[in-house]
>>> print(open('upload_16.cif').read())   # mmCIF, C-alpha atoms and all ligand atoms
data_model
loop_
_atom_site.label_atom_id
_atom_site.label_comp_id
_atom_site.auth_asym_id
_atom_site.auth_seq_id
_atom_site.Cartn_x
_atom_site.Cartn_y
_atom_site.Cartn_z
CA MET V 1 34.20 -17.13 21.29
CA PHE V 2 33.22 -20.77 21.97
CA ALA V 3 30.20 -22.74 20.74
CA ASP V 4 29.41 -24.43 24.05
CA ILE V 5 30.81 -25.22 27.47
CA LYS V 6 32.18 -28.57 26.29
CA GLN V 7 34.25 -26.80 23.68
CA TYR V 8 35.40 -24.24 26.26
CA PHE V 9 36.53 -26.98 28.67
CA GLU V 10 38.24 -28.82 25.81
CA SER V 11 40.20 -25.67 24.96
CA GLN V 12 41.22 -24.88 28.56
CA LEU V 13 41.74 -28.32 30.10
CA PRO V 14 44.89 -29.42 28.19
CA LYS V 15 46.56 -26.08 28.97
CA VAL V 16 45.76 -26.42 32.68
CA GLU V 17 46.89 -30.08 32.79
CA ALA V 18 50.17 -29.26 31.02
CA ALA V 19 50.83 -26.28 33.31
CA LEU V 20 50.09 -28.35 36.45
CA ASP V 21 52.47 -31.05 35.22
CA GLU V 22 55.12 -28.43 34.54
CA SER V 23 54.66 -26.95 38.04
CA MET V 24 55.62 -30.35 39.47
CA ASN V 25 58.57 -30.65 37.05
CA VAL V 26 59.83 -27.24 38.16
CA LEU V 27 59.66 -28.35 41.79
CA LYS V 28 61.53 -31.55 40.93
CA ARG V 29 64.27 -29.64 39.12
CA ASP V 30 64.85 -27.57 42.27
CA TRP V 31 64.85 -30.68 44.45
CA PRO V 32 68.07 -30.73 46.47
CA TYR V 33 67.18 -33.68 48.69
CA ASP V 34 68.03 -37.37 48.72
CA SER V 35 65.75 -40.07 47.32
CA LYS V 36 63.85 -40.51 50.64
CA ALA V 37 62.57 -36.94 50.64
CA GLU V 38 61.44 -37.38 47.04
CA THR V 39 58.55 -39.49 48.38
CA VAL V 40 56.69 -36.30 49.26
CA HIS V 41 57.13 -35.00 45.70
CA GLU V 42 55.68 -38.26 44.36
CA SER V 43 52.81 -37.98 46.80
CA MET V 44 52.09 -34.34 45.83
CA ARG V 45 52.19 -35.26 42.14
CA TYR V 46 50.00 -38.33 42.67
CA SER V 47 47.07 -36.25 43.92
CA LEU V 48 47.65 -33.08 41.87
CA MET V 49 47.69 -35.06 38.61
CA ALA V 50 44.86 -37.47 39.54
CA GLY V 51 42.28 -35.86 37.27
CA GLY V 52 39.37 -33.83 38.54
CA LYS V 53 37.26 -31.34 36.67
CA ARG V 54 39.75 -28.45 37.14
CA ILE V 55 36.87 -26.03 37.68
CA ARG V 56 38.90 -23.74 39.92
CA PRO V 57 41.77 -22.99 37.50
CA ILE V 58 39.34 -22.66 34.60
CA LEU V 59 37.24 -20.13 36.58
CA THR V 60 40.40 -18.14 37.41
CA LEU V 61 41.47 -17.97 33.77
CA ALA V 62 37.93 -17.09 32.60
CA ALA V 63 37.59 -14.22 35.13
CA CYS V 64 40.96 -12.75 34.13
CA GLU V 65 40.09 -13.09 30.43
CA MET V 66 36.73 -11.37 30.99
CA MET V 67 38.58 -8.37 32.47
CA GLY V 68 40.82 -8.23 29.39
CA GLY V 69 43.81 -9.90 31.08
CA THR V 70 46.00 -12.63 29.59
CA GLU V 71 46.49 -16.29 30.42
CA GLU V 72 50.07 -15.58 31.52
CA MET V 73 48.79 -13.17 34.18
CA ALA V 74 46.38 -15.67 35.74
CA MET V 75 47.90 -19.14 35.20
CA PRO V 76 50.11 -19.22 38.34
CA THR V 77 47.10 -18.27 40.51
CA ALA V 78 44.90 -20.75 38.64
CA LEU V 79 47.40 -23.54 39.40
CA ALA V 80 47.78 -22.39 43.01
CA ALA V 81 44.01 -22.71 43.48
CA GLU V 82 44.13 -26.30 42.20
CA MET V 83 47.08 -27.06 44.51
CA ILE V 84 45.06 -25.74 47.47
CA HIS V 85 41.96 -27.68 46.38
CA THR V 86 44.07 -30.85 46.07
CA MET V 87 45.67 -30.43 49.48
CA SER V 88 42.25 -29.87 51.05
CA LEU V 89 41.04 -33.14 49.50
CA ILE V 90 44.14 -35.04 50.72
CA HIS V 91 43.57 -33.79 54.28
CA ASP V 92 39.78 -34.24 54.06
CA ASP V 93 40.26 -37.93 53.14
CA LEU V 94 42.54 -38.71 56.12
CA PRO V 95 41.37 -41.17 58.80
CA CYS V 96 41.18 -38.30 61.34
CA MET V 97 38.74 -36.45 59.02
CA ASP V 98 36.43 -38.20 56.52
CA ASN V 99 38.45 -41.43 56.37
CA ASP V 100 37.92 -42.14 52.67
CA ASP V 101 39.65 -44.90 50.69
CA LEU V 102 38.77 -43.66 47.20
CA ARG V 103 38.98 -40.27 45.52
CA ARG V 104 38.22 -39.77 41.82
CA GLY V 105 38.11 -43.56 41.52
CA LYS V 106 41.68 -44.01 42.79
CA PRO V 107 43.07 -44.93 46.23
CA THR V 108 43.32 -41.82 48.41
CA ASN V 109 46.74 -40.32 49.02
CA HIS V 110 47.16 -41.75 52.55
CA LYS V 111 46.19 -45.24 51.31
CA VAL V 112 49.14 -45.13 48.90
CA PHE V 113 51.73 -43.12 50.84
CA GLY V 114 50.62 -43.44 54.50
CA ASP V 115 49.00 -40.84 56.78
CA ASP V 116 52.27 -39.08 57.65
CA ILE V 117 53.36 -38.48 54.06
CA ALA V 118 49.80 -37.50 53.06
CA VAL V 119 49.73 -34.75 55.72
CA LEU V 120 53.13 -33.51 54.55
CA ALA V 121 52.19 -33.68 50.84
CA GLY V 122 49.19 -31.45 51.66
CA ASP V 123 51.48 -29.04 53.51
CA GLY V 124 53.92 -29.12 50.60
CA LEU V 125 51.19 -28.26 48.09
CA LEU V 126 49.83 -25.46 50.28
CA SER V 127 53.20 -23.75 50.69
CA TYR V 128 54.08 -24.28 47.02
CA SER V 129 50.81 -22.58 45.99
CA PHE V 130 51.84 -19.29 47.64
CA GLU V 131 55.39 -19.56 46.29
CA TYR V 132 53.99 -20.21 42.83
CA ILE V 133 51.84 -17.06 42.70
CA ALA V 134 54.64 -14.88 44.10
CA ARG V 135 57.39 -16.28 41.86
CA TYR V 136 55.69 -16.87 38.52
CA THR V 137 52.97 -14.21 38.08
CA LYS V 138 54.04 -12.02 35.17
CA GLY V 139 52.74 -8.74 33.71
CA VAL V 140 50.70 -7.67 36.78
CA ALA V 141 51.40 -4.71 39.12
CA PRO V 142 53.05 -5.95 42.38
CA GLU V 143 50.22 -4.42 44.53
CA ARG V 144 47.69 -6.59 42.69
CA VAL V 145 49.80 -9.72 43.13
CA LEU V 146 50.15 -8.92 46.84
CA ASP V 147 46.39 -8.45 47.16
CA VAL V 148 45.84 -11.85 45.50
CA ILE V 149 48.33 -13.54 47.86
CA ALA V 150 46.62 -11.95 50.90
CA ARG V 151 43.19 -13.08 49.67
CA CYS V 152 44.61 -16.56 49.07
CA GLY V 153 45.74 -16.76 52.71
CA LYS V 154 42.35 -15.57 53.93
CA CYS V 155 40.37 -18.07 51.85
CA VAL V 156 42.48 -20.99 53.11
CA GLY V 157 42.58 -20.05 56.79
CA ALA V 158 40.28 -19.85 59.80
CA LEU V 159 37.93 -17.50 57.91
CA GLY V 160 37.82 -19.89 54.93
CA LEU V 161 38.39 -23.60 54.27
CA VAL V 162 39.84 -24.35 57.71
CA GLY V 163 36.94 -22.62 59.52
CA GLY V 164 34.38 -24.37 57.31
CA GLN V 165 35.94 -27.76 57.95
CA VAL V 166 36.03 -27.16 61.74
CA VAL V 167 32.32 -26.33 61.91
CA ASP V 168 31.55 -29.22 59.55
CA ILE V 169 33.35 -31.69 61.84
CA GLN V 170 31.71 -30.22 64.94
CA SER V 171 28.26 -30.54 63.32
CA GLU V 172 28.67 -34.24 62.48
CA GLY V 173 26.12 -36.48 64.15
CA LYS V 174 24.11 -33.50 65.48
CA LYS V 175 20.38 -33.57 64.84
CA ASP V 176 19.79 -29.81 65.22
CA VAL V 177 21.99 -28.41 62.42
CA THR V 178 20.08 -25.53 60.82
CA ILE V 179 20.08 -24.41 57.19
CA GLU V 180 21.95 -21.26 58.34
CA THR V 181 24.76 -23.36 59.86
CA LEU V 182 24.89 -25.60 56.78
CA GLN V 183 25.11 -22.53 54.54
CA TRP V 184 27.89 -21.09 56.74
CA ILE V 185 29.84 -24.36 56.41
CA HIS V 186 29.50 -24.39 52.63
CA GLU V 187 30.32 -20.71 52.24
CA HIS V 188 33.61 -21.33 54.04
CA LYS V 189 34.49 -24.90 53.06
CA THR V 190 33.61 -24.67 49.37
CA ALA V 191 32.57 -21.19 48.20
CA ALA V 192 35.56 -19.32 49.69
CA LEU V 193 38.04 -21.01 47.34
CA LEU V 194 35.79 -20.56 44.30
CA GLU V 195 35.44 -16.89 45.27
CA PHE V 196 39.21 -16.59 45.51
CA CYS V 197 39.50 -18.04 41.98
CA VAL V 198 37.02 -15.64 40.36
CA VAL V 199 38.00 -12.53 42.34
CA GLY V 200 41.72 -13.37 42.09
CA GLY V 201 41.47 -13.84 38.32
CA GLY V 202 39.51 -10.58 38.09
CA ILE V 203 42.05 -8.60 40.14
CA LEU V 204 44.94 -9.92 38.05
CA GLY V 205 43.03 -8.87 34.93
CA GLY V 206 42.52 -5.33 36.31
CA ALA V 207 39.11 -5.36 38.09
CA ASN V 208 38.13 -2.25 40.09
CA GLU V 209 36.36 -2.30 43.49
CA GLU V 210 32.82 -2.34 42.06
CA GLN V 211 33.74 -5.14 39.65
CA ILE V 212 35.37 -7.11 42.51
CA GLN V 213 32.08 -6.88 44.48
CA ARG V 214 30.15 -8.27 41.50
CA LEU V 215 32.66 -11.07 40.92
CA SER V 216 32.56 -11.91 44.62
CA LYS V 217 28.75 -12.17 44.70
CA PHE V 218 28.78 -14.23 41.49
CA ALA V 219 31.34 -16.63 42.93
CA MET V 220 29.78 -17.01 46.40
CA ASN V 221 26.48 -17.91 44.73
CA ILE V 222 28.00 -20.46 42.38
CA GLY V 223 30.04 -21.84 45.30
CA LEU V 224 26.93 -22.41 47.37
CA SER V 225 25.09 -23.87 44.41
CA PHE V 226 28.10 -26.12 43.68
CA GLN V 227 27.87 -27.59 47.18
CA ILE V 228 24.08 -28.04 47.04
CA ILE V 229 24.56 -29.94 43.75
CA ASP V 230 27.31 -32.00 45.45
CA ASP V 231 24.83 -32.96 48.19
CA ILE V 232 22.18 -33.79 45.57
CA LEU V 233 24.61 -35.96 43.56
CA ASP V 234 25.50 -37.87 46.72
CA VAL V 235 21.89 -39.10 46.92
CA THR V 236 21.10 -39.39 43.20
CA GLN V 237 24.33 -40.85 41.72
CA ASP V 238 26.00 -44.15 42.55
CA SER V 239 29.39 -44.20 44.30
CA ALA V 240 31.20 -45.52 41.20
CA THR V 241 30.13 -42.49 39.11
CA LEU V 242 31.38 -40.19 41.87
CA GLY V 243 34.60 -42.19 42.38
CA LYS V 244 33.86 -42.46 46.11
CA THR V 245 33.90 -45.29 48.66
CA ALA V 246 30.64 -47.28 48.30
CA GLY V 247 28.23 -47.01 51.24
CA LYS V 248 30.44 -44.50 53.07
CA ASP V 249 27.84 -41.72 53.32
CA LEU V 250 25.35 -44.05 54.99
CA LEU V 251 27.76 -44.46 57.91
CA VAL V 252 28.22 -40.74 58.59
CA ASP V 253 25.32 -38.68 59.88
CA LYS V 254 25.90 -35.35 58.15
CA ALA V 255 23.49 -32.49 57.53
CA THR V 256 22.92 -31.93 53.79
CA TYR V 257 20.56 -29.75 51.76
CA PRO V 258 18.42 -32.69 50.56
CA LYS V 259 18.06 -33.88 54.19
CA LEU V 260 17.13 -30.42 55.50
CA MET V 261 14.94 -29.11 52.65
CA GLY V 262 14.20 -32.10 50.37
CA LEU V 263 15.52 -32.89 46.89
CA GLU V 264 13.18 -30.69 44.85
CA LYS V 265 13.61 -27.59 47.02
CA SER V 266 17.38 -28.13 47.00
CA LYS V 267 17.40 -28.19 43.18
CA GLU V 268 15.27 -25.02 43.09
CA ARG V 269 17.63 -23.28 45.53
CA ALA V 270 20.69 -24.28 43.44
CA GLU V 271 19.06 -22.95 40.26
CA ALA V 272 17.97 -19.69 41.93
CA LEU V 273 21.51 -19.10 43.19
CA ILE V 274 22.92 -19.60 39.68
CA ALA V 275 20.36 -17.21 38.17
CA GLU V 276 21.29 -14.53 40.76
CA ALA V 277 24.96 -15.20 40.09
CA LYS V 278 24.56 -14.66 36.36
CA ASP V 279 22.75 -11.35 36.97
CA GLN V 280 25.96 -10.00 38.48
CA LEU V 281 27.79 -10.46 35.17
CA LYS V 282 25.35 -8.50 33.00
CA PRO V 283 27.60 -5.39 32.77
CA TRP V 284 30.20 -7.45 30.89
CA GLY V 285 27.80 -8.51 28.12
CA ASP V 286 29.21 -11.08 25.68
CA LYS V 287 32.58 -11.11 27.43
CA ALA V 288 30.91 -12.92 30.35
CA ALA V 289 29.91 -15.92 28.18
CA PRO V 290 32.59 -18.32 29.54
CA LEU V 291 31.80 -17.51 33.20
CA MET V 292 28.05 -17.72 32.52
CA ALA V 293 28.52 -21.13 30.90
CA LEU V 294 30.69 -22.30 33.79
CA ALA V 295 27.89 -21.31 36.17
CA ASP V 296 25.42 -23.38 34.12
CA PHE V 297 27.86 -26.29 34.03
CA ILE V 298 27.85 -26.39 37.84
CA THR V 299 24.11 -27.06 38.00
CA ALA V 300 24.16 -29.50 35.07
CA ARG V 301 27.16 -31.59 36.21
CA LYS V 302 26.83 -35.31 36.94
CA ASN V 303 29.96 -35.83 39.10
C1 LIG F 401 43.13 -25.70 53.48
C2 LIG F 401 44.85 -25.63 55.34
C3 LIG F 401 43.69 -26.30 54.71
C4 LIG F 401 43.19 -27.41 55.28
C5 LIG F 401 42.11 -28.18 54.70
C6 LIG F 401 40.19 -30.53 54.96
C7 LIG F 401 39.90 -29.08 54.87
C8 LIG F 401 40.84 -28.15 55.53
C9 LIG F 401 38.83 -28.59 54.20
C10 LIG F 401 37.90 -29.44 53.43
C11 LIG F 401 37.55 -28.76 52.18
C12 LIG F 401 36.73 -29.63 51.26
C13 LIG F 401 37.19 -31.02 51.01
C14 LIG F 401 35.63 -29.12 50.69
C15 LIG F 401 34.79 -29.84 49.71
C16 LIG F 401 34.90 -29.12 48.41
C17 LIG F 401 34.31 -29.89 47.25
C18 LIG F 401 32.89 -29.65 46.88
C19 LIG F 401 35.08 -30.76 46.58
C20 LIG F 401 34.72 -31.41 45.32
O1 LIG F 401 35.20 -30.54 44.30
P1 LIG F 401 35.17 -30.94 42.77
O2 LIG F 401 33.83 -31.51 42.43
O3 LIG F 401 36.24 -32.10 42.75
O4 LIG F 401 35.65 -29.78 41.97
P2 LIG F 401 37.18 -32.59 41.55
O5 LIG F 401 37.47 -34.02 41.89
O6 LIG F 401 36.45 -32.44 40.25
O7 LIG F 401 38.41 -31.74 41.63
#
>>> encode(input="upload_16.cif", output="structure tokens")
Amino acid sequence: MFADIKQYFESQLPKVEAALDESMNVLKRDWPYDSKAETVHESMRYSLMAGGKRIRPILTLAACEMMGGTEEMAMPTALAAEMIHTMSLIHDDLPCMDNDDLRRGKPTNHKVFGDDIAVLAGDGLLSYSFEYIARYTKGVAPERVLDVIARCGKCVGALGLVGGQVVDIQSEGKKDVTIETLQWIHEHKTAALLEFCVVGGGILGGANEEQIQRLSKFAMNIGLSFQIIDDILDVTQDSATLGKTAGKDLLVDKATYPKLMGLEKSKERAEALIAEAKDQLKPWGDKAAPLMALADFITARKN
């Protein structure tokens, strides 16, 4: 058991960082290409190892642990989720999307490697994520691993991140974006991957159908809350704290929760979603402490 969320992060983060680093070493060891093709490996590593809170892998490990599973069972999926998150950020930052120069306080991938290599590094990370789950998951029944891989595909694709990003782009500059549309965007663009992490970790740890439903509701709620908090931080924190390009958000007319419902109501909504999320975990009692604390961390975070 851990004393607080800080201690929990401190115990999980070095393991996740070391495993991510090793995943890139493994890829390098298999590398059969000449030095030119190695550029894409460098580019993948640059963004995957550029820091970040690592919430997705930590959620995956915590969900598996809550079900009584081991770290070995969930780590490949935890890393795959971070690879997918990273590739989505690389593509999101491209000039044809959000056109950002800074991510986590560092130049974005395309600023360092060029647009072409950045697209391919994202593609490389996405395909490696599936390979990684299939090749390195140990101690789990093959049907469960297959289910996790199928869910991974769904959360990335047109019914997940891709769909969310499409509607987000199509809503840019529009004055009549409703709360329902905004929620739809966030459920797909942000919550779908967090749901994959929690449900995937749960399935690998042995969750049954009823438990999967609870984990899914928990994760969708924290995913939505996560995005509302992201919107709130964009108006309450300075760009340097967020590691983003200064003044960028003023140039893009995007619907956000604070714009549509005001700052106070947005905070209330985020807190209500977290409270509902935590209700879903009651059947697990003390074993749910890490996931409960991660849910609280999402509302309390400052970047
Ligand atoms: C997945 C095939 C495929 C394509 C990508 C570009 C795109 C489609 C989707 C955009 C997804 C996106 C960027 C969603 C925003 C998610 C979000 C809230 C990111 C910030 O997450 P944090 O705070 O970031 O966890 P750190 O830096 O801590 O990792």
>>> residues_around(input="upload_16.cif", residues="Ile5 of chain V", least_positions_apart="5", cutoff="9 Å", atoms="all atoms listed in the file", output="ChimeraX atom specification")
/V:10,290,293-294,296-297
>>> closest_atom_pairs(input="upload_16.cif", of="chain V", to="ligand LIG 401 (chain F)", cutoff="7 Å", atoms="only C-alpha atoms and all ligand atoms", output="Markdown table")
| residue | atom | partner | partner_atom | distance |
| --- | --- | --- | --- | --- |
| V:Gly51 | CA | F:LIG401 | O5 | 6.9 |
| V:Gly52 | CA | F:LIG401 | O6 | 3.7 |
| V:Lys53 | CA | F:LIG401 | O6 | 3.8 |
| V:Arg54 | CA | F:LIG401 | O7 | 5.7 |
| V:Ile55 | CA | F:LIG401 | O4 | 5.8 |
| V:Ile84 | CA | F:LIG401 | C1 | 6.3 |
| V:Met87 | CA | F:LIG401 | C1 | 6.7 |
| V:Ser88 | CA | F:LIG401 | C5 | 4.0 |
| V:Leu89 | CA | F:LIG401 | C13 | 4.6 |
| V:His91 | CA | F:LIG401 | C6 | 4.7 |
| V:Asp92 | CA | F:LIG401 | C6 | 3.8 |
| V:Arg104 | CA | F:LIG401 | O5 | 5.8 |
| V:Val156 | CA | F:LIG401 | C1 | 4.8 |
| V:Gly157 | CA | F:LIG401 | C2 | 6.2 |
| V:Leu161 | CA | F:LIG401 | C9 | 5.0 |
| V:Val162 | CA | F:LIG401 | C8 | 4.5 |
| V:Gly164 | CA | F:LIG401 | C9 | 6.9 |
| V:Gln165 | CA | F:LIG401 | C9 | 4.8 |
| V:Lys189 | CA | F:LIG401 | C14 | 5.0 |
| V:Thr190 | CA | F:LIG401 | C16 | 4.7 |
| V:Phe226 | CA | F:LIG401 | C18 | 6.8 |
| V:Gln227 | CA | F:LIG401 | C18 | 5.4 |
| V:Asp230 | CA | F:LIG401 | C18 | 6.2 |
| V:Asn303 | CA | F:LIG401 | O2 | 6.7 |
>>> closest_residue(input="upload_16.cif", among="V:Tyr132, V:Ala255, V:Arg214, V:Lys265", to="Ala277 of chain V", atoms="only C-alpha atoms")
V:Arg214
>>> closest_residue(input="upload_16.cif", among="V:Arg301, V:Val112, V:Glu143, V:Gly206", to="Ile229 of chain V", atoms="only C-alpha atoms")
V:Arg301
>>> atom_distance(input="upload_16.cif", atom1="atom CA of Leu102 of chain V", atom2="atom CA of Leu20 of chain V")
21.9 Å
>>> atom_distance(input="upload_16.cif", atom1="atom CA of His110 of chain V", atom2="atom CA of Ala80 of chain V")
21.6 Å
>>> closest_residue(input="upload_16.cif", among="V:Ile203, V:Ser266, V:Leu159, V:Ile274", to="Gly223 of chain V", atoms="only C-alpha atoms")
V:Ile274
>>> residues_around(input="upload_16.cif", residues="Gly173 of chain V", least_positions_apart="2", cutoff="9 Å", atoms="all atoms listed in the file", output="PyMOL selection string")
chain V and resi 169-171+175+252-255
>>> closest_residue(input="upload_16.cif", among="V:Leu79, V:Glu172, V:Asn221, V:Pro107", to="Glu131 of chain V", atoms="all atoms listed in the file")
V:Leu79
>>> closest_residue(input="upload_16.cif", among="V:Asn208, V:Ala219, V:Leu94, V:His188", to="Leu120 of chain V", atoms="all atoms listed in the file")
V:Leu94
>>> residues_around(input="upload_16.cif", residues="Met292 of chain V", least_positions_apart="4", cutoff="12 Å", atoms="all atoms listed in the file", output="ChimeraX atom specification")
/V:4-5,8,59,62-63,66,215,218-219,222,274-282,284-288,296-299
>>> write_last_selection(input="upload_16.cif", atoms="C-alpha atoms", output="CSV table (one decimal), in the frame of the given file")
chain,number,residue,atom,x,y,z
V,4,ASP,CA,29.4,-24.4,24.0
V,5,ILE,CA,30.8,-25.2,27.5
V,8,TYR,CA,35.4,-24.2,26.3
V,59,LEU,CA,37.2,-20.1,36.6
V,62,ALA,CA,37.9,-17.1,32.6
V,63,ALA,CA,37.6,-14.2,35.1
V,66,MET,CA,36.7,-11.4,31.0
V,215,LEU,CA,32.7,-11.1,40.9
V,218,PHE,CA,28.8,-14.2,41.5
V,219,ALA,CA,31.3,-16.6,42.9
V,222,ILE,CA,28.0,-20.5,42.4
V,274,ILE,CA,22.9,-19.6,39.7
V,275,ALA,CA,20.4,-17.2,38.2
V,276,GLU,CA,21.3,-14.5,40.8
V,277,ALA,CA,25.0,-15.2,40.1
V,278,LYS,CA,24.6,-14.7,36.4
V,279,ASP,CA,22.8,-11.4,37.0
V,280,GLN,CA,26.0,-10.0,38.5
V,281,LEU,CA,27.8,-10.5,35.2
V,282,LYS,CA,25.4,-8.5,33.0
V,284,TRP,CA,30.2,-7.4,30.9
V,285,GLY,CA,27.8,-8.5,28.1
V,286,ASP,CA,29.2,-11.1,25.7
V,287,LYS,CA,32.6,-11.1,27.4
V,288,ALA,CA,30.9,-12.9,30.4
V,296,ASP,CA,25.4,-23.4,34.1
V,297,PHE,CA,27.9,-26.3,34.0
V,298,ILE,CA,27.8,-26.4,37.8
V,299,THR,CA,24.1,-27.1,38.0
>>> closest_residue(input="upload_16.cif", among="V:Thr137, V:Thr60, V:Gln237, V:Thr178", to="Met73 of chain V", atoms="all atoms listed in the file")
V:Thr137
>>> atom_distance(input="upload_16.cif", atom1="atom CA of Glu82 of chain V", atom2="atom CA of Ser129 of chain V")
8.5 Å
>>> residues_around(input="upload_16.cif", residues="Asp147 of chain V", least_positions_apart="2", cutoff="12 Å", atoms="only C-alpha atoms", output="list in words")
Thr77, Ile133, Ala134, Val140, Ala141, Pro142, Glu143, Arg144, Val145, Ile149, Ala150, Arg151, Cys152, Gly153, Lys154, Phe196, Val199, Gly200, Gly201, Gly202, Ile203, Leu204 and Gly206 of chain V
>>> axis_aligned_box(input="upload_16.cif", around="segment 55-59 of chain V", padding_each_side="4 Å", output="lines of an AutoDock Vina configuration file")
center_x = 39.3
center_y = -23.1
center_z = 37.3
size_x = 12.9
size_y = 13.9
size_z = 13.3
>>> build_atoms(input="upload_16.cif", residues="segment 259-265 of chain V", atoms="all heavy atoms", output="PDB file, in the frame of the given file")
ATOM      1  N   LYS V 259      18.630 -33.423  52.909  1.00  0.00           N
ATOM      2  CA  LYS V 259      18.060 -33.880  54.190  1.00  0.00           C
ATOM      3  C   LYS V 259      17.267 -32.756  54.844  1.00  0.00           C
ATOM      4  O   LYS V 259      16.208 -32.990  55.413  1.00  0.00           O
ATOM      5  CB  LYS V 259      19.187 -34.297  55.142  1.00  0.00           C
ATOM      6  CG  LYS V 259      19.619 -35.744  54.990  1.00  0.00           C
ATOM      7  CD  LYS V 259      20.596 -36.112  56.108  1.00  0.00           C
ATOM      8  CE  LYS V 259      21.456 -37.276  55.667  1.00  0.00           C
ATOM      9  NZ  LYS V 259      22.641 -37.443  56.500  1.00  0.00           N
ATOM     10  N   LEU V 260      17.777 -31.518  54.777  1.00  0.00           N
ATOM     11  CA  LEU V 260      17.130 -30.420  55.500  1.00  0.00           C
ATOM     12  C   LEU V 260      15.963 -29.798  54.734  1.00  0.00           C
ATOM     13  O   LEU V 260      15.023 -29.307  55.333  1.00  0.00           O
ATOM     14  CB  LEU V 260      18.143 -29.321  55.860  1.00  0.00           C
ATOM     15  CG  LEU V 260      19.233 -29.698  56.870  1.00  0.00           C
ATOM     16  CD1 LEU V 260      20.043 -28.481  57.271  1.00  0.00           C
ATOM     17  CD2 LEU V 260      18.654 -30.331  58.123  1.00  0.00           C
ATOM     18  N   MET V 261      16.035 -29.786  53.387  1.00  0.00           N
ATOM     19  CA  MET V 261      14.940 -29.110  52.650  1.00  0.00           C
ATOM     20  C   MET V 261      14.318 -29.969  51.534  1.00  0.00           C
ATOM     21  O   MET V 261      13.443 -29.473  50.816  1.00  0.00           O
ATOM     22  CB  MET V 261      15.372 -27.726  52.118  1.00  0.00           C
ATOM     23  CG  MET V 261      16.555 -27.746  51.209  1.00  0.00           C
ATOM     24  SD  MET V 261      17.045 -26.140  50.467  1.00  0.00           S
ATOM     25  CE  MET V 261      16.113 -24.927  51.224  1.00  0.00           C
ATOM     26  N   GLY V 262      14.766 -31.222  51.408  1.00  0.00           N
ATOM     27  CA  GLY V 262      14.200 -32.100  50.370  1.00  0.00           C
ATOM     28  C   GLY V 262      14.910 -31.886  49.036  1.00  0.00           C
ATOM     29  O   GLY V 262      15.499 -30.814  48.794  1.00  0.00           O
ATOM     30  N   LEU V 263      14.798 -32.908  48.162  1.00  0.00           N
ATOM     31  CA  LEU V 263      15.520 -32.890  46.890  1.00  0.00           C
ATOM     32  C   LEU V 263      15.055 -31.780  45.957  1.00  0.00           C
ATOM     33  O   LEU V 263      15.855 -31.030  45.393  1.00  0.00           O
ATOM     34  CB  LEU V 263      15.339 -34.267  46.237  1.00  0.00           C
ATOM     35  CG  LEU V 263      16.453 -34.803  45.374  1.00  0.00           C
ATOM     36  CD1 LEU V 263      17.798 -34.735  46.057  1.00  0.00           C
ATOM     37  CD2 LEU V 263      16.146 -36.245  44.964  1.00  0.00           C
ATOM     38  N   GLU V 264      13.724 -31.662  45.802  1.00  0.00           N
ATOM     39  CA  GLU V 264      13.180 -30.690  44.850  1.00  0.00           C
ATOM     40  C   GLU V 264      13.536 -29.266  45.239  1.00  0.00           C
ATOM     41  O   GLU V 264      13.998 -28.468  44.434  1.00  0.00           O
ATOM     42  CB  GLU V 264      11.660 -30.851  44.721  1.00  0.00           C
ATOM     43  CG  GLU V 264      11.230 -31.879  43.682  1.00  0.00           C
ATOM     44  CD  GLU V 264      12.062 -31.819  42.390  1.00  0.00           C
ATOM     45  OE1 GLU V 264      12.082 -30.759  41.747  1.00  0.00           O
ATOM     46  OE2 GLU V 264      12.701 -32.839  42.024  1.00  0.00           O
ATOM     47  N   LYS V 265      13.322 -28.950  46.526  1.00  0.00           N
ATOM     48  CA  LYS V 265      13.610 -27.590  47.020  1.00  0.00           C
ATOM     49  C   LYS V 265      15.119 -27.292  46.911  1.00  0.00           C
ATOM     50  O   LYS V 265      15.525 -26.162  46.623  1.00  0.00           O
ATOM     51  CB  LYS V 265      13.170 -27.441  48.480  1.00  0.00           C
ATOM     52  CG  LYS V 265      11.680 -27.239  48.670  1.00  0.00           C
ATOM     53  CD  LYS V 265      11.441 -25.880  49.346  1.00  0.00           C
ATOM     54  CE  LYS V 265      10.098 -25.248  49.190  1.00  0.00           C
ATOM     55  NZ  LYS V 265       9.026 -25.902  48.525  1.00  0.00           N
TER      56      LYS V 265
END
